[in-house]
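Q: I have a structure here, written as structure tokens, and I will follow up with some questions on it.
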Amino acid sequence: MGNFQKLRVWELAKQLAVKIYKLTLETPVSKDFGFKDQVQRAAVSIPANIAEGDELGTNKQSIRHFFIAKGSSAELITLLIIGSEIGYIPDEVKESIISDCRIISVMLTKLIKARR
């Protein structure tokens with residue numbers, strides 16, 4: 001605990017958040033401020049909660065934040081699906097990012113099990 005930047009799951013989640021920010025600048029999402037804000041918030045919440053959880057003093061507190069990060073990953077998947085269906089996000093981009101979210105979620109599940 002306490003060195004979140006060494007966690008591979010944090011690094012992947014941080015890279016995902018950067019990818020989402022770039023996506024929201026380059027696609028029609030950029031013009032829908034409410035949707036863009038929600039997508040960005042969900043993406044940033046994943047590495048932020050991993051970092052916060054890892055820095056907290058107990059495994060119980062850490063696990064709670066890791067579950068929040070998993071929830072944010074599911075939220076992001078939902079937003080990507082909606083964004084794709086309304087024509088904001090190309091299908092191939094959506095599928096690539098959803099794959100990243102699922103990998104992160106699996107890694108978080110393993111981290112949660114290790115901290116229990």
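Naming scheme: A, B, ... for chains in displayed order of the structure tokens; residues 1 onward per chain; ligands 1 onward as shown.
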Just the residues within 8 Å of Phe4 (chain A), please, counting only C-alpha atoms, with nothing from its chain fewer than 6 positions along; format it as an MDAnalysis selection string.

A: chainID A and resid 10 50:51 54:55

Q: Please provide as a PyMOL selection string all residues within 12 Å of Arg64 (chain A), with the sequence filter that same-chain residues fewer than 5 positions apart are discarded (counting only C-alpha atoms).

A: chain A and resi 49-50+52-54+56+58-59+69-71+108-109+111-112+115-116

Q: Next, write the just-selected residues to a file, as a CSV table (one decimal), in the first residue's frame, keeping all heavy atoms as the atom set.

A:
```
chain,number,residue,atom,x,y,z
A,49,ASN,N,-9.6,7.0,-7.9
A,49,ASN,CA,-10.0,6.1,-6.8
A,49,ASN,C,-9.0,5.0,-6.5
A,49,ASN,O,-8.8,4.6,-5.4
A,49,ASN,CB,-11.4,5.6,-7.1
A,49,ASN,CG,-12.5,6.5,-6.6
A,49,ASN,OD1,-12.6,6.7,-5.5
A,49,ASN,ND2,-13.1,7.1,-7.6
A,50,ILE,N,-8.3,4.5,-7.6
A,50,ILE,CA,-7.2,3.6,-7.3
A,50,ILE,C,-6.1,4.2,-6.5
A,50,ILE,O,-5.7,3.7,-5.5
A,50,ILE,CB,-6.6,3.0,-8.6
A,50,ILE,CG1,-7.7,2.2,-9.4
A,50,ILE,CG2,-5.4,2.2,-8.4
A,50,ILE,CD1,-7.3,1.9,-10.8
A,52,GLU,N,-6.4,7.0,-4.5
A,52,GLU,CA,-6.9,7.3,-3.2
A,52,GLU,C,-7.0,6.0,-2.3
A,52,GLU,O,-6.5,6.0,-1.2
A,52,GLU,CB,-8.2,8.0,-3.3
A,52,GLU,CG,-8.7,8.5,-2.0
A,52,GLU,CD,-10.0,9.3,-2.1
A,52,GLU,OE1,-10.5,9.6,-3.2
A,52,GLU,OE2,-10.5,9.6,-1.0
A,53,GLY,N,-7.5,5.0,-2.9
A,53,GLY,CA,-7.6,3.7,-2.2
A,53,GLY,C,-6.3,3.2,-1.7
A,53,GLY,O,-6.1,2.7,-0.6
A,54,ASP,N,-5.3,3.2,-2.6
A,54,ASP,CA,-4.0,2.7,-2.2
A,54,ASP,C,-3.3,3.5,-1.2
A,54,ASP,O,-2.5,3.0,-0.4
A,54,ASP,CB,-3.1,2.6,-3.5
A,54,ASP,CG,-1.9,1.7,-3.2
A,54,ASP,OD1,-2.1,0.5,-2.9
A,54,ASP,OD2,-0.8,2.2,-3.4
A,56,LEU,N,-4.8,5.0,1.4
A,56,LEU,CA,-5.5,5.0,2.6
A,56,LEU,C,-4.9,3.9,3.6
A,56,LEU,O,-4.2,3.0,3.1
A,56,LEU,CB,-7.0,4.7,2.4
A,56,LEU,CG,-7.7,5.8,1.7
A,56,LEU,CD1,-9.1,5.4,1.3
A,56,LEU,CD2,-7.8,7.1,2.5
A,58,THR,N,-6.0,1.4,5.5
A,58,THR,CA,-6.5,0.1,5.8
A,58,THR,C,-6.9,-0.6,4.5
A,58,THR,O,-7.3,0.1,3.5
A,58,THR,CB,-7.7,0.0,6.7
A,58,THR,OG1,-8.8,0.6,6.1
A,58,THR,CG2,-7.4,0.8,8.0
A,59,ASN,N,-6.8,-1.9,4.5
A,59,ASN,CA,-7.3,-2.7,3.3
A,59,ASN,C,-8.8,-2.4,3.1
A,59,ASN,O,-9.3,-2.4,1.9
A,59,ASN,CB,-7.0,-4.2,3.5
A,59,ASN,CG,-5.6,-4.5,3.2
A,59,ASN,OD1,-4.9,-3.8,2.4
A,59,ASN,ND2,-5.1,-5.5,3.8
A,69,ALA,N,-13.8,2.5,-8.2
A,69,ALA,CA,-13.2,2.5,-9.5
A,69,ALA,C,-13.8,1.5,-10.5
A,69,ALA,O,-14.0,1.9,-11.7
A,69,ALA,CB,-11.7,2.2,-9.4
A,70,LYS,N,-14.1,0.3,-10.0
A,70,LYS,CA,-14.8,-0.6,-10.9
A,70,LYS,C,-16.2,-0.1,-11.4
A,70,LYS,O,-16.5,-0.2,-12.5
A,70,LYS,CB,-15.0,-2.0,-10.2
A,70,LYS,CG,-13.8,-2.9,-10.1
A,70,LYS,CD,-14.1,-4.2,-9.4
A,70,LYS,CE,-15.2,-5.0,-9.9
A,70,LYS,NZ,-14.9,-5.7,-11.1
A,71,GLY,N,-16.9,0.6,-10.5
A,71,GLY,CA,-18.2,1.2,-10.9
A,71,GLY,C,-18.0,2.3,-11.9
A,71,GLY,O,-18.8,2.4,-12.9
A,108,LEU,N,-8.7,-4.9,-11.2
A,108,LEU,CA,-9.2,-4.4,-9.9
A,108,LEU,C,-9.8,-5.5,-9.1
A,108,LEU,O,-9.6,-5.6,-7.8
A,108,LEU,CB,-10.2,-3.3,-10.1
A,108,LEU,CG,-9.6,-2.0,-10.5
A,108,LEU,CD1,-10.7,-1.0,-11.0
A,108,LEU,CD2,-8.9,-1.3,-9.3
A,109,THR,N,-10.5,-6.5,-9.7
A,109,THR,CA,-11.1,-7.6,-9.0
A,109,THR,C,-9.9,-8.4,-8.3
A,109,THR,O,-10.1,-8.8,-7.2
A,109,THR,CB,-11.9,-8.5,-10.0
A,109,THR,OG1,-13.0,-7.7,-10.5
A,109,THR,CG2,-12.4,-9.7,-9.3
A,111,LEU,N,-7.0,-7.3,-7.5
A,111,LEU,CA,-6.4,-6.4,-6.4
A,111,LEU,C,-7.3,-6.5,-5.2
A,111,LEU,O,-6.8,-6.6,-4.0
A,111,LEU,CB,-6.2,-5.0,-6.9
A,111,LEU,CG,-5.5,-4.0,-6.0
A,111,LEU,CD1,-4.2,-4.5,-5.5
A,111,LEU,CD2,-5.4,-2.7,-6.6
A,112,ILE,N,-8.6,-6.4,-5.4
A,112,ILE,CA,-9.5,-6.5,-4.2
A,112,ILE,C,-9.4,-7.8,-3.5
A,112,ILE,O,-9.3,-7.9,-2.3
A,112,ILE,CB,-11.0,-6.3,-4.7
A,112,ILE,CG1,-11.2,-4.8,-5.1
A,112,ILE,CG2,-12.0,-6.7,-3.7
A,112,ILE,CD1,-12.4,-4.6,-6.0
A,115,ARG,N,-6.3,-7.9,-1.4
A,115,ARG,CA,-6.3,-7.0,-0.2
A,115,ARG,C,-7.3,-7.6,0.8
A,115,ARG,O,-7.2,-7.1,2.0
A,115,ARG,CB,-6.7,-5.6,-0.6
A,115,ARG,CG,-5.8,-4.9,-1.5
A,115,ARG,CD,-4.6,-4.3,-0.7
A,115,ARG,NE,-3.6,-3.8,-1.6
A,115,ARG,CZ,-3.4,-2.4,-1.8
A,115,ARG,NH1,-4.3,-1.6,-1.3
A,115,ARG,NH2,-2.5,-2.0,-2.6
A,116,ARG,N,-8.1,-8.5,0.5
A,116,ARG,CA,-9.0,-9.1,1.5
A,116,ARG,C,-8.3,-9.9,2.4
A,116,ARG,O,-7.8,-10.7,2.7
A,116,ARG,CB,-10.2,-9.8,0.8
A,116,ARG,CG,-11.2,-8.9,0.3
A,116,ARG,CD,-12.5,-9.6,-0.2
A,116,ARG,NE,-13.5,-8.6,-0.4
A,116,ARG,CZ,-14.5,-8.7,-1.2
A,116,ARG,NH1,-14.6,-9.8,-1.9
A,116,ARG,NH2,-15.4,-7.7,-1.3
```

Q: Using only C-alpha atoms, pick whichever of A:Thr27, A:Gln5, A:Gln38, A:Ser99 has the shortest atom-to-atom distance to Gly87 (chain A).

A: A:Thr27

Q: Write out as a ChimeraX atom specification each polymer residue whose atoms come within 8 Å of Ile46 (chain A), counting only C-alpha atoms; drop sequence neighbours fewer than 4 positions from it.

A: /A:13-14,17,42,50,68-70,72-73

Q: Suppose we keep N, CA and C atoms; can you now write the selection as a PDB file, in the first residue's frame?

A:
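Listing of selection.pdb after writing:
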```
ATOM      1  N   ALA A  13      -5.174   2.624 -16.025  1.00  0.00           N
ATOM      2  CA  ALA A  13      -6.339   3.495 -15.830  1.00  0.00           C
ATOM      3  C   ALA A  13      -5.990   4.948 -16.144  1.00  0.00           C
ATOM      4  N   LYS A  14      -4.801   5.367 -15.778  1.00  0.00           N
ATOM      5  CA  LYS A  14      -4.356   6.727 -16.082  1.00  0.00           C
ATOM      6  C   LYS A  14      -4.224   6.917 -17.587  1.00  0.00           C
ATOM      7  N   ALA A  17      -7.643   7.341 -19.048  1.00  0.00           N
ATOM      8  CA  ALA A  17      -8.187   8.684 -18.834  1.00  0.00           C
ATOM      9  C   ALA A  17      -7.599   9.671 -19.847  1.00  0.00           C
ATOM     10  N   ALA A  42     -16.055  10.125 -15.461  1.00  0.00           N
ATOM     11  CA  ALA A  42     -16.020   8.674 -15.244  1.00  0.00           C
ATOM     12  C   ALA A  42     -14.611   8.135 -15.475  1.00  0.00           C
ATOM     13  N   ILE A  50      -8.290   4.547  -7.552  1.00  0.00           N
ATOM     14  CA  ILE A  50      -7.227   3.570  -7.305  1.00  0.00           C
ATOM     15  C   ILE A  50      -6.132   4.229  -6.457  1.00  0.00           C
ATOM     16  N   ILE A  68     -15.291   1.421  -6.106  1.00  0.00           N
ATOM     17  CA  ILE A  68     -15.771   2.643  -6.755  1.00  0.00           C
ATOM     18  C   ILE A  68     -15.130   2.782  -8.133  1.00  0.00           C
ATOM     19  N   ALA A  69     -13.849   2.479  -8.233  1.00  0.00           N
ATOM     20  CA  ALA A  69     -13.155   2.527  -9.527  1.00  0.00           C
ATOM     21  C   ALA A  69     -13.789   1.546 -10.510  1.00  0.00           C
ATOM     22  N   LYS A  70     -14.137   0.341 -10.035  1.00  0.00           N
ATOM     23  CA  LYS A  70     -14.815  -0.634 -10.899  1.00  0.00           C
ATOM     24  C   LYS A  70     -16.156  -0.084 -11.366  1.00  0.00           C
ATOM     25  N   SER A  72     -16.934   3.053 -11.767  1.00  0.00           N
ATOM     26  CA  SER A  72     -16.656   4.098 -12.758  1.00  0.00           C
ATOM     27  C   SER A  72     -16.299   3.495 -14.102  1.00  0.00           C
ATOM     28  N   SER A  73     -15.631   2.353 -14.079  1.00  0.00           N
ATOM     29  CA  SER A  73     -15.317   1.656 -15.332  1.00  0.00           C
ATOM     30  C   SER A  73     -16.605   1.209 -16.025  1.00  0.00           C
TER      31      SER A  73
END
```

Q: Report as a count of residues only all protein, DNA and RNA residues lying within 12 Å of Val29 (chain A), evaluated on only C-alpha atoms, omitting residues in the same chain fewer than 6 positions from it.

A: 20

Q: Could you tell me how far CA of Leu76 (chain A) sits from CA of Ile98 (chain A), in Å to one decimal place?

A: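 Separation between CA of Ile98 (chain A) and CA of Leu76 (chain A): 8.1 Å.
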
Q: Just to confirm, what's the straight-line distance from CA of Thr78 (chain A) to CA of Ile103 (chain A) in Å (one decimal)?

A: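 Pair CA of Thr78 (chain A) / CA of Ile103 (chain A) returns 15.6 Å.
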
Q: Please compute the CA of Ser30 (chain A)-CA of Arg102 (chain A) distance, one decimal, in Å.

A: 24.4 Å

Q: Return as a PyMOL selection string the full set of residues in chain A whose backbone-based DSSP assignment is alpha helix (DSSP H).

A: chain A and resi 8-26+33-55+59-85+91-115

Q: My list of candidates is A:Ile77, A:Leu25, A:Val9, A:Val18. Which is closest to Ser96 (chain A) when distances are computed with only C-alpha atoms?

A: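 Using only C-alpha atoms, Ser96 (chain A) sits closest to A:Ile77.
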